[in-house]
$ cat protein-v1.cif   # mmCIF, C-alpha atoms
data_start
#
loop_
_atom_site.label_atom_id
_atom_site.label_comp_id
_atom_site.auth_asym_id
_atom_site.auth_seq_id
_atom_site.Cartn_x
_atom_site.Cartn_y
_atom_site.Cartn_z
CA MET A 1 187.99 263.42 2.98
CA ARG A 2 191.74 263.06 3.01
CA THR A 3 192.63 265.00 6.15
CA SER A 4 192.21 263.83 9.72
CA LYS A 5 190.89 265.88 12.67
CA SER A 6 194.35 267.43 13.01
CA GLY A 7 193.96 269.04 9.59
CA PHE A 8 196.79 266.95 8.14
CA VAL A 9 196.66 263.99 5.80
CA PRO A 10 197.23 260.80 7.85
CA TYR A 11 200.78 259.53 7.55
CA ALA A 12 199.65 256.11 6.33
CA ARG A 13 197.79 257.85 3.50
CA ILE A 14 200.86 259.91 2.62
CA ARG A 15 202.88 256.70 2.45
CA SER A 16 200.39 254.79 0.32
CA ASP A 17 199.93 257.74 -2.06
CA GLN A 18 203.68 257.95 -2.56
CA SER A 19 203.99 254.21 -2.93
CA ASN A 20 201.51 253.78 -5.80
CA GLY A 21 200.21 257.24 -6.77
CA PRO A 22 200.59 259.03 -10.10
CA LEU A 23 204.12 260.25 -9.35
CA ARG A 24 205.33 256.75 -8.59
CA GLN A 25 203.58 255.30 -11.64
CA SER A 26 204.99 257.80 -14.10
CA GLU A 27 208.24 259.18 -12.68
CA ILE A 28 209.90 256.88 -10.15
CA PRO A 29 211.31 253.63 -11.53
CA ILE A 30 209.91 250.63 -9.71
CA GLN A 31 213.41 249.35 -8.94
CA HIS A 32 214.42 252.55 -7.13
CA ALA A 33 214.60 252.48 -3.34
CA LEU A 34 212.15 254.88 -1.70
CA SER A 35 212.95 256.72 1.50
CA LEU A 36 210.47 257.03 4.30
CA PRO A 37 208.38 260.21 4.07
CA LEU A 38 209.74 262.56 6.75
CA PRO A 39 208.07 265.67 8.14
CA THR A 40 209.68 268.97 7.24
CA ARG A 41 208.73 272.64 7.49
CA ARG A 42 211.15 273.61 4.75
CA PHE A 43 208.31 274.68 2.42
CA GLY A 44 205.52 274.79 5.01
CA PRO A 45 204.19 271.63 6.68
CA GLY A 46 205.08 268.77 4.38
CA PHE A 47 206.62 265.36 3.99
CA ALA A 48 209.87 264.94 2.08
CA LEU A 49 211.07 261.82 0.27
CA PHE A 50 213.95 260.76 -1.95
CA ALA A 51 214.57 257.81 -4.24
CA SER A 52 217.79 256.08 -5.20
CA PRO A 53 218.81 253.59 -7.87
CA ALA A 54 219.37 250.23 -6.20
CA LEU A 55 220.43 246.69 -6.98
CA ARG A 56 218.81 243.78 -5.14
CA GLU A 57 219.66 240.11 -5.51
CA PRO A 58 218.30 237.30 -3.33
CA GLY A 59 220.55 236.59 -0.35
CA LYS A 60 222.89 239.49 -1.06
CA PRO A 61 223.16 242.96 0.47
CA THR A 62 221.35 245.72 -1.40
CA VAL A 63 223.65 248.15 -3.18
CA GLN A 64 222.23 251.67 -3.27
CA SER A 65 223.38 254.68 -5.27
CA PRO A 66 223.05 258.20 -3.88
CA PRO A 67 219.54 259.68 -4.16
CA ASP A 68 218.88 260.92 -7.68
CA ARG A 69 215.52 262.65 -7.02
CA TRP A 70 213.57 264.10 -4.13
CA TRP A 71 210.16 265.59 -3.58
CA VAL A 72 207.90 267.16 -0.98
CA VAL A 73 204.15 266.77 -0.55
CA ASP A 74 201.90 269.18 1.32
CA ALA A 75 200.96 267.74 4.70
CA LYS A 76 197.48 269.32 4.55
CA THR A 77 196.49 268.26 1.05
CA GLY A 78 198.89 265.53 -0.02
CA HIS A 79 199.56 267.49 -3.22
CA LEU A 80 203.03 267.74 -4.67
CA THR A 81 204.92 270.87 -3.51
CA LEU A 82 208.23 270.19 -5.22
CA TYR A 83 209.86 267.51 -7.36
CA ALA A 84 213.49 267.77 -8.42
CA ARG A 85 216.34 265.70 -9.79
CA VAL A 86 219.27 265.90 -7.38
CA ALA A 87 221.58 266.73 -10.29
CA SER A 88 219.58 269.93 -10.83
CA VAL A 89 218.48 270.81 -7.31
CA PRO A 90 220.33 268.91 -4.56
CA PHE A 91 218.60 268.62 -1.20
CA CYS A 92 221.84 269.03 0.73
CA GLU A 93 225.41 270.06 0.06
CA GLU A 94 227.16 266.88 1.16
CA PRO A 95 227.66 264.24 -1.56
CA PHE A 96 226.65 260.68 -0.71
CA PRO A 97 228.63 257.59 -1.70
CA THR A 98 227.23 254.40 -3.22
CA LEU A 99 226.39 252.13 -0.30
CA THR A 100 226.48 248.40 0.22
CA LEU A 101 223.85 248.21 2.92
CA PRO A 102 224.29 245.91 5.89
CA ILE A 103 221.81 243.04 5.94
CA PRO A 104 219.14 243.89 8.53
CA THR A 105 219.20 241.80 11.68
CA ALA A 106 215.39 242.05 11.79
CA THR A 107 213.23 239.55 9.91
CA VAL A 108 210.80 240.61 7.21
CA THR A 109 207.96 240.12 9.70
CA GLU A 110 209.70 242.40 12.21
CA LEU A 111 210.38 245.03 9.55
CA ARG A 112 206.73 244.91 8.50
CA GLU A 113 205.67 245.37 12.12
CA SER A 114 208.03 248.34 12.52
CA SER A 115 206.55 249.86 9.40
CA ARG A 116 203.04 249.44 10.81
CA ARG A 117 204.06 251.02 14.13
CA LEU A 118 205.70 253.91 12.30
CA ASN A 119 202.38 254.76 10.66
CA GLY A 120 200.70 254.97 14.06
CA LEU A 121 203.44 257.02 15.71
CA MET A 122 204.11 259.53 12.98
CA ASP A 123 200.68 261.17 13.10
CA PRO A 124 200.88 262.64 16.63
CA ILE A 125 204.61 263.31 16.29
CA SER A 126 204.33 265.18 13.01
CA VAL A 127 201.40 267.24 14.32
CA ALA A 128 203.54 268.32 17.29
CA PHE A 129 206.49 269.05 14.99
CA PHE A 130 204.40 271.13 12.60
CA ALA A 131 203.05 273.11 15.57
CA GLY A 132 206.56 273.66 16.95
CA GLU A 133 205.62 271.92 20.16
CA PRO A 134 207.45 269.12 21.94
CA ALA A 135 206.15 265.56 21.74
CA PRO A 136 206.20 263.10 24.65
CA ALA A 137 209.78 261.90 25.09
CA GLU A 138 208.65 258.28 25.18
CA MET A 139 206.96 258.65 21.82
CA VAL A 140 210.01 260.28 20.27
CA GLY A 141 212.17 257.52 21.75
CA ASP A 142 209.92 254.90 20.16
CA LEU A 143 210.19 256.66 16.80
CA LYS A 144 213.99 256.75 17.01
CA GLY A 145 213.96 253.02 17.75
CA ILE A 146 211.77 252.30 14.74
CA LEU A 147 213.89 254.43 12.44
CA THR A 148 217.01 252.63 13.65
CA THR A 149 215.36 249.25 12.96
CA MET A 150 214.17 250.22 9.49
CA LEU A 151 217.13 252.26 8.29
CA PRO A 152 220.77 251.16 8.33
CA THR A 153 223.04 253.92 9.69
CA PRO A 154 224.27 255.18 6.28
CA LEU A 155 220.66 255.54 5.09
CA LEU A 156 219.67 257.22 8.32
CA GLN A 157 222.26 259.88 7.49
CA GLN A 158 220.62 260.50 4.12
CA HIS A 159 217.22 260.79 5.78
CA ARG A 160 218.69 263.19 8.33
CA ALA A 161 220.07 265.37 5.51
CA LEU A 162 216.67 265.38 3.81
CA ALA A 163 214.72 266.55 6.86
CA GLN A 164 217.31 268.28 9.03
CA ASP A 165 214.68 270.41 10.76
CA PHE A 166 212.74 267.33 11.86
CA PHE A 167 215.81 265.56 13.26
CA ARG A 168 216.89 268.73 15.08
CA TRP A 169 213.40 268.98 16.55
CA MET A 170 213.56 265.33 17.66
CA GLU A 171 216.80 265.99 19.52
CA TRP A 172 215.22 269.06 21.15
CA ALA A 173 211.98 267.28 21.89
CA MET B 1 155.35 249.15 -32.37
CA GLU B 2 158.84 248.06 -33.38
CA THR B 3 159.91 249.29 -36.79
CA PRO B 4 161.70 247.00 -39.22
CA TYR B 5 164.79 249.17 -38.78
CA GLU B 6 164.83 248.63 -35.01
CA ALA B 7 164.39 244.91 -35.47
CA GLU B 8 167.31 244.87 -37.85
CA ARG B 9 169.44 246.85 -35.43
CA THR B 10 168.66 244.42 -32.63
CA PHE B 11 169.55 241.53 -34.88
CA THR B 12 172.82 243.24 -35.80
CA GLU B 13 173.67 243.85 -32.15
CA VAL B 14 173.02 240.21 -31.30
CA ARG B 15 175.15 239.05 -34.20
CA GLU B 16 177.99 241.40 -33.18
CA LEU B 17 177.82 240.19 -29.60
CA SER B 18 177.89 236.62 -30.80
CA GLU B 19 180.94 237.33 -32.95
CA GLU B 20 182.62 239.07 -30.03
CA LEU B 21 182.03 236.08 -27.80
CA GLU B 22 183.58 233.84 -30.43
CA ARG B 23 186.68 236.05 -30.41
CA ILE B 24 187.19 235.65 -26.67
CA PRO B 25 190.00 233.11 -26.45
CA GLU B 26 189.69 230.01 -24.39
CA VAL B 27 192.10 230.28 -21.51
CA PRO B 28 193.61 226.87 -20.77
CA GLN B 29 192.46 225.30 -17.52
CA SER B 30 193.48 222.10 -15.78
CA LEU B 31 192.87 220.33 -12.49
CA GLU B 32 195.96 220.03 -10.30
CA ILE B 33 196.86 218.99 -6.76
CA LEU B 34 199.00 221.38 -4.72
CA PRO B 35 201.79 219.94 -2.52
CA ASP B 36 199.53 220.39 0.54
CA GLY B 37 196.88 218.20 -1.09
CA THR B 38 194.50 221.00 -2.08
CA GLU B 39 192.69 220.35 -5.36
CA VAL B 40 192.82 223.44 -7.56
CA LEU B 41 191.68 224.56 -10.99
CA VAL B 42 194.70 226.13 -12.67
CA THR B 43 194.04 228.87 -15.21
CA GLY B 44 196.82 229.52 -17.68
CA GLU B 45 199.82 227.38 -18.56
CA PRO B 46 202.55 228.27 -16.07
CA GLN B 47 204.73 225.30 -17.01
CA SER B 48 204.59 226.28 -20.65
CA ALA B 49 205.24 229.96 -19.89
CA ALA B 50 208.25 228.93 -17.78
CA ARG B 51 210.29 228.48 -20.94
CA PHE B 52 210.25 232.25 -21.43
CA GLY B 53 211.62 232.98 -17.96
CA HIS B 54 215.24 233.75 -17.16
CA LEU B 55 217.43 235.73 -14.77
CA GLN B 56 217.52 239.43 -15.51
CA GLY B 57 220.78 240.84 -16.84
CA GLU B 58 221.01 238.99 -20.17
CA ASN B 59 222.13 242.08 -22.05
CA THR B 60 225.43 243.49 -23.25
CA PHE B 61 224.81 246.87 -21.59
CA GLY B 62 225.55 245.48 -18.15
CA TYR B 63 222.12 246.57 -16.93
CA LEU B 64 220.87 244.45 -14.03
CA GLY B 65 217.81 246.44 -12.92
CA THR B 66 215.70 245.06 -15.72
CA SER B 67 212.90 243.14 -13.98
CA GLY B 68 210.23 245.25 -15.70
CA LEU B 69 211.86 244.92 -19.11
CA VAL B 70 212.17 241.15 -18.74
CA CYS B 71 208.45 240.95 -17.87
CA CYS B 72 207.71 242.87 -21.07
CA GLU B 73 209.98 240.58 -23.05
CA GLU B 74 208.25 237.47 -21.68
CA LEU B 75 204.78 238.82 -22.46
CA LEU B 76 205.80 239.65 -26.01
CA ARG B 77 207.29 236.18 -26.47
CA GLN B 78 204.08 234.62 -25.16
CA THR B 79 202.34 236.24 -28.11
CA ALA B 80 204.85 234.72 -30.51
CA GLN B 81 206.92 237.85 -30.99
CA GLU B 82 210.64 237.20 -31.07
CA PHE B 83 212.30 239.55 -28.61
CA THR B 84 215.26 239.20 -26.28
CA GLU B 85 216.13 241.16 -23.15
CA GLU B 86 218.86 242.78 -25.26
CA ASP B 87 216.20 244.02 -27.71
CA LEU B 88 214.05 245.43 -24.91
CA VAL B 89 216.96 247.19 -23.18
CA ARG B 90 218.07 248.72 -26.48
CA TYR B 91 214.56 249.85 -27.38
CA ALA B 92 213.86 251.30 -23.93
CA GLY B 93 217.25 253.01 -23.75
CA ASP B 94 216.89 254.51 -27.22
CA HIS B 95 213.42 255.87 -26.43
CA GLY B 96 214.05 257.19 -22.91
CA LEU B 97 211.92 254.45 -21.39
CA CYS B 98 214.35 253.08 -18.79
CA THR B 99 217.04 254.45 -16.53
CA THR B 100 220.40 254.91 -18.24
CA ASP B 101 222.13 257.44 -15.97
CA ALA B 102 222.84 255.32 -12.89
CA PRO B 103 225.79 252.94 -12.52
CA PRO B 104 225.28 250.25 -15.22
CA GLU B 105 224.34 247.47 -12.80
CA MET B 106 221.47 249.63 -11.49
CA ASN B 107 220.24 250.73 -14.91
CA GLY B 108 217.30 249.34 -16.84
CA GLY B 109 214.73 250.40 -14.25
CA THR B 110 211.27 251.28 -15.52
CA THR B 111 208.18 253.02 -14.25
CA LEU B 112 204.79 251.40 -14.56
CA MET B 113 203.92 253.83 -17.34
CA GLU B 114 207.12 253.01 -19.21
CA GLN B 115 206.40 249.28 -19.07
CA ALA B 116 202.92 249.88 -20.50
CA THR B 117 204.32 252.19 -23.20
CA ILE B 118 206.97 249.68 -24.26
CA LEU B 119 204.40 246.89 -24.56
CA SER B 120 202.01 249.12 -26.49
CA ASP B 121 204.75 250.38 -28.82
CA LEU B 122 205.78 246.81 -29.61
CA GLY B 123 202.29 245.62 -30.46
CA LEU B 124 200.76 244.54 -27.17
CA PRO B 125 198.56 247.41 -25.89
CA ALA B 126 198.77 247.68 -22.10
CA GLN B 127 198.01 250.04 -19.27
CA PRO B 128 199.10 250.62 -15.67
CA ASP B 129 196.48 249.93 -13.05
CA ILE B 130 195.94 249.40 -9.34
CA LEU B 131 193.99 246.31 -8.30
CA ASP B 132 192.41 245.92 -4.89
CA SER B 133 192.09 242.18 -4.38
CA ALA B 134 193.31 238.75 -5.40
CA GLU B 135 189.92 238.24 -7.07
CA ASP B 136 190.51 241.34 -9.15
CA LEU B 137 193.83 239.89 -10.30
CA ALA B 138 192.20 236.50 -10.91
CA SER B 139 189.56 238.04 -13.18
CA HIS B 140 192.25 239.53 -15.43
CA LEU B 141 194.07 236.21 -15.66
CA GLU B 142 190.87 234.26 -16.31
CA ALA B 143 190.20 236.64 -19.21
CA GLY B 144 193.59 235.67 -20.61
CA GLN B 145 195.20 239.07 -20.06
CA GLY B 146 198.89 239.41 -19.34
CA VAL B 147 199.60 240.89 -15.91
CA ILE B 148 202.89 242.26 -14.56
CA LEU B 149 202.86 242.58 -10.77
CA VAL B 150 204.88 245.16 -8.87
CA VAL B 151 205.99 243.59 -5.59
CA ASN B 152 208.29 244.09 -2.63
CA ALA B 153 211.22 241.75 -3.28
CA GLY B 154 211.94 241.34 0.43
CA GLU B 155 208.44 240.03 1.07
CA LEU B 156 208.51 237.78 -2.00
CA TRP B 157 211.97 236.34 -1.32
CA LYS B 158 211.57 236.37 2.48
CA ASP B 159 214.80 238.36 2.44
CA PRO B 160 215.12 241.36 4.78
CA ALA B 161 218.00 242.75 2.71
CA ALA B 162 215.58 243.41 -0.16
CA TYR B 163 212.77 244.84 2.01
CA GLY B 164 213.89 248.49 1.99
CA THR B 165 211.16 250.64 3.52
CA GLY B 166 208.52 248.08 2.51
CA GLU B 167 207.50 249.72 -0.75
CA ALA B 168 207.15 247.91 -4.06
CA ASN B 169 210.56 247.58 -5.70
CA HIS B 170 210.49 244.70 -8.21
CA SER B 171 208.41 243.43 -11.16
CA VAL B 172 207.36 239.82 -11.76
CA LEU B 173 205.12 238.23 -14.37
CA THR B 174 202.02 236.22 -13.46
CA THR B 175 201.64 233.13 -15.62
CA GLY B 176 198.66 231.45 -14.03
CA MET B 177 196.38 231.17 -11.05
CA ALA B 178 195.01 228.33 -8.94
CA ARG B 179 191.47 228.36 -7.61
CA ASN B 180 190.51 226.06 -4.75
CA VAL B 181 187.98 223.65 -6.25
CA GLU B 182 186.16 223.19 -2.95
CA THR B 183 185.86 226.81 -1.81
CA GLY B 184 186.15 228.65 -5.12
CA GLU B 185 188.71 231.03 -3.60
CA ALA B 186 192.00 232.00 -5.22
CA ALA B 187 194.56 229.68 -3.63
CA GLY B 188 197.56 231.26 -5.25
CA PHE B 189 199.30 232.46 -8.37
CA TYR B 190 202.16 231.29 -10.57
CA ILE B 191 204.92 233.74 -11.41
CA ASN B 192 208.12 233.99 -13.39
CA ASP B 193 210.58 236.02 -11.32
CA SER B 194 213.66 237.28 -13.17
CA GLY B 195 215.20 238.41 -9.87
CA SER B 196 215.40 234.93 -8.38
CA GLY B 197 215.33 233.10 -11.72
CA LYS B 198 212.39 231.00 -10.54
CA THR B 199 209.76 230.11 -13.12
CA ALA B 200 206.24 228.72 -12.69
CA ASP B 201 206.78 229.49 -9.02
CA PHE B 202 203.60 229.01 -6.98
CA VAL B 203 202.98 231.83 -4.50
CA SER B 204 200.07 231.42 -2.11
CA ALA B 205 197.36 234.10 -2.15
CA ARG B 206 198.39 235.02 1.40
CA ASP B 207 202.06 235.51 0.52
CA LEU B 208 201.16 237.45 -2.60
CA LYS B 209 198.93 239.73 -0.55
CA ALA B 210 201.92 240.68 1.62
CA ALA B 211 204.30 241.08 -1.32
CA TRP B 212 201.99 242.77 -3.81
CA LEU B 213 198.58 243.90 -2.58
CA ASP B 214 199.81 245.39 0.71
CA CYS B 215 202.58 247.18 -1.22
CA GLY B 216 200.21 249.10 -3.47
CA GLY B 217 198.56 246.53 -5.75
CA MET B 218 200.25 248.00 -8.84
CA VAL B 219 200.07 246.09 -12.12
CA VAL B 220 200.52 246.50 -15.83
CA THR B 221 197.79 244.65 -17.73
CA THR B 222 197.43 243.99 -21.42
CA TYR B 223 194.13 245.01 -22.96
CA GLY B 224 193.84 241.80 -24.93
CA SER B 225 194.54 238.16 -24.31
CA VAL B 226 198.03 236.73 -24.44
CA CYS B 227 196.76 233.14 -24.72
#
$ encode --input "protein-v1.cif" --output "structure tokens"
Amino acid sequence: MRTSKSGFVPYARIRSDQSNGPLRQSEIPIQHALSLPLPTRRFGPGFALFASPALREPGKPTVQSPPDRWWVVDAKTGHLTLYARVASVPFCEEPFPTLTLPIPTATVTELRESSRRLNGLMDPISVAFFAGEPAPAEMVGDLKGILTTMLPTPLLQQHRALAQDFFRWMEWA
Amino acid sequence: METPYEAERTFTEVRELSEELERIPEVPQSLEILPDGTEVLVTGEPQSAARFGHLQGENTFGYLGTSGLVCCEELLRQTAQEFTEEDLVRYAGDHGLCTTDAPPEMNGGTTLMEQATILSDLGLPAQPDILDSAEDLASHLEAGQGVILVVNAGELWKDPAAYGTGEANHSVLTTGMARNVETGEAAGFYINDSGSGKTADFVSARDLKAAWLDCGGMVVTTYGSVC
């Protein structure tokens, strides 16, 4: 069974499905940078993602183009709700520039730990968001901290544009 | 009572099995000592396969996102087919099997399915797959199959700038594996990495778990042997 007691697919499962599932294997180039899946109610309870062409070289900052595709999966089933190329269906009106991302101050081990903590936090937070209820402020504060660790500011802006309703809810919550 | 026909069929099956066993190539193996003193049985010829490795970007298109295409090129060259990265980029671009619409330095990216299609089209049938353990990977290599691994470059290079959100974002080619002689466990794997330019690079099973298995375990494997 894919869903948890909350009736939603666990966030860790959403992430792993998007990281190596059929869509990734057949549509998203391996070298593209994947966003974090973010909760949204844009098409009903779901998780939205985007992917961007990127250039990585050892010891150098990653250079990332604007997102060129985005998609949404149903939070209750994990099935694809929408998949679009940004050139055909943009997910926001503002254009994004090509970014030379700042090198994270966190180590790989710290980033991995943040990623693990994100999986644990996102389940109760997304359930509250989907229900339109507030989440404990401490929990939301922890999530903001993790997002800030994992996402350089320019990328955080792209994530915010992807799931505006979720970020607005976080501010309210 | 067994009829003569059934006896003949059994004999035919045994003969076919015998012929099939004869066709299974012998995968080279050698005893080696790792820098930490561990005695290992190495399957494959990573030092020999190192001559096919090179930094990605050896093409006139200016495409630098070609780790998957370079893995395909190396596998084809291992089977004595003369291909260059330029050939692979041209073929993939002409057939819609790599990205061509991003800035040039970010083009050349491939999906798992596209890597398998390119190899199959060029004479080395392959398929995308998801493996769930180092032993699973080892069994493919011990059968002589070619295996492209999809890894997180940040984990592999110990470089936070290449970590992204922790998903797989880079392809490398496995060229051998080392099995601990004492315990029988996979001690590590040898890779050619066109991102770093390292060849016959030994990656411990633990490090490869973090860079590959924990990031989805995606691979492209050839159906047949590349030995």
$ resolve_selection --input "protein-v1.cif" --expression "the PyMOL selection byres ((chain A) within 9 of (chain B))" --output "compact mmCIF listing (two decimals) with C-alpha atoms, in the frame of the given file"
# COMPACT_ATOMS: atom_id res chain seq x y z
CA ARG A 15 202.88 256.70 2.45
CA SER A 16 200.39 254.79 0.32
CA ASP A 17 199.93 257.74 -2.06
CA SER A 19 203.99 254.21 -2.93
CA ASN A 20 201.51 253.78 -5.80
CA GLY A 21 200.21 257.24 -6.77
CA ARG A 24 205.33 256.75 -8.59
CA GLN A 25 203.58 255.30 -11.64
CA SER A 26 204.99 257.80 -14.10
CA GLU A 27 208.24 259.18 -12.68
CA ILE A 28 209.90 256.88 -10.15
CA PRO A 29 211.31 253.63 -11.53
CA ILE A 30 209.91 250.63 -9.71
CA GLN A 31 213.41 249.35 -8.94
CA HIS A 32 214.42 252.55 -7.13
CA ALA A 33 214.60 252.48 -3.34
CA LEU A 34 212.15 254.88 -1.70
CA SER A 35 212.95 256.72 1.50
CA LEU A 36 210.47 257.03 4.30
CA PRO A 53 218.81 253.59 -7.87
CA ALA A 54 219.37 250.23 -6.20
CA LEU A 55 220.43 246.69 -6.98
CA ARG A 56 218.81 243.78 -5.14
CA GLU A 57 219.66 240.11 -5.51
CA PRO A 58 218.30 237.30 -3.33
CA GLY A 59 220.55 236.59 -0.35
CA LYS A 60 222.89 239.49 -1.06
CA PRO A 61 223.16 242.96 0.47
CA THR A 62 221.35 245.72 -1.40
CA VAL A 63 223.65 248.15 -3.18
CA GLN A 64 222.23 251.67 -3.27
CA SER A 65 223.38 254.68 -5.27
CA ASP A 68 218.88 260.92 -7.68
CA LEU A 101 223.85 248.21 2.92
CA PRO A 102 224.29 245.91 5.89
CA ILE A 103 221.81 243.04 5.94
CA PRO A 104 219.14 243.89 8.53
CA THR A 105 219.20 241.80 11.68
CA ALA A 106 215.39 242.05 11.79
CA THR A 107 213.23 239.55 9.91
CA VAL A 108 210.80 240.61 7.21
CA THR A 109 207.96 240.12 9.70
CA LEU A 111 210.38 245.03 9.55
CA ARG A 112 206.73 244.91 8.50
CA SER A 115 206.55 249.86 9.40
CA MET A 150 214.17 250.22 9.49
CA LEU A 151 217.13 252.26 8.29
$ atom_distance --input "protein-v1.cif" --atom1 "CA of Pro10 (chain A)" --atom2 "CA of Ala134 (chain B)"
26.0 Å
$ residues_around --input "protein-v1.cif" --residues "Leu143 (chain A)" --least-positions-apart "4" --cutoff "10 Å" --atoms "only C-alpha atoms" --output "short mmCIF file (atom, residue, chain, number, x, y, z; two decimals) with C-alpha atoms, in the frame of the given file"
data_model
loop_
_atom_site.label_atom_id
_atom_site.label_comp_id
_atom_site.auth_asym_id
_atom_site.auth_seq_id
_atom_site.Cartn_x
_atom_site.Cartn_y
_atom_site.Cartn_z
CA SER A 114 208.03 248.34 12.52
CA ARG A 117 204.06 251.02 14.13
CA LEU A 118 205.70 253.91 12.30
CA LEU A 121 203.44 257.02 15.71
CA MET A 122 204.11 259.53 12.98
CA ILE A 125 204.61 263.31 16.29
CA ALA A 137 209.78 261.90 25.09
CA GLU A 138 208.65 258.28 25.18
CA MET A 139 206.96 258.65 21.82
CA LEU A 147 213.89 254.43 12.44
CA THR A 148 217.01 252.63 13.65
CA THR A 149 215.36 249.25 12.96
CA MET A 170 213.56 265.33 17.66
#
$ closest_residue --input "protein-v1.cif" --among "A:Gly141, A:Gly78, A:Pro136, A:Pro90" --to "Pro45 (chain A)" --atoms "only C-alpha atoms"
A:Gly78
$ atom_distance --input "protein-v1.cif" --atom1 "CA of Ser88 (chain A)" --atom2 "CA of Ala12 (chain A)"
29.7 Å
$ atom_distance --input "protein-v1.cif" --atom1 "CA of Thr84 (chain B)" --atom2 "CA of Gly144 (chain B)"
22.7 Å
$ residues_around --input "protein-v1.cif" --residues "Thr3 (chain A)" --least-positions-apart "6" --cutoff "8 Å" --atoms "only C-alpha atoms" --output "PyMOL selection string"
chain A and resi 9-10+76-77
$ resolve_selection --input "protein-v1.cif" --expression "the PyMOL selection byres ((chain B and resi 31) around 6)" --output "list of chain:residue names"
B:Ser30, B:Glu32, B:Val40, B:Leu41
$ resolve_selection --input "protein-v1.cif" --expression "the PyMOL selection byres ((chain A and resi 166-168) around 10)" --output "list in words"
Leu38, Pro39, Thr40, Arg41, Arg42, Ser126, Phe129, Phe130, Lys144, His159, Arg160, Ala161, Leu162, Ala163, Gln164, Asp165, Trp169, Met170, Glu171, Trp172 and Ala173 of chain A
$ closest_atom_pairs --input "protein-v1.cif" --of "region 42-73 of chain B" --to "region 179-186 of chain B" --cutoff "12 Å" --atoms "only C-alpha atoms" --output "tab-separated table"
residue	atom	partner	partner_atom	distance
B:Val42	CA	B:Arg179	CA	6.4
B:Thr43	CA	B:Arg179	CA	8.0
B:Gly44	CA	B:Arg179	CA	11.5
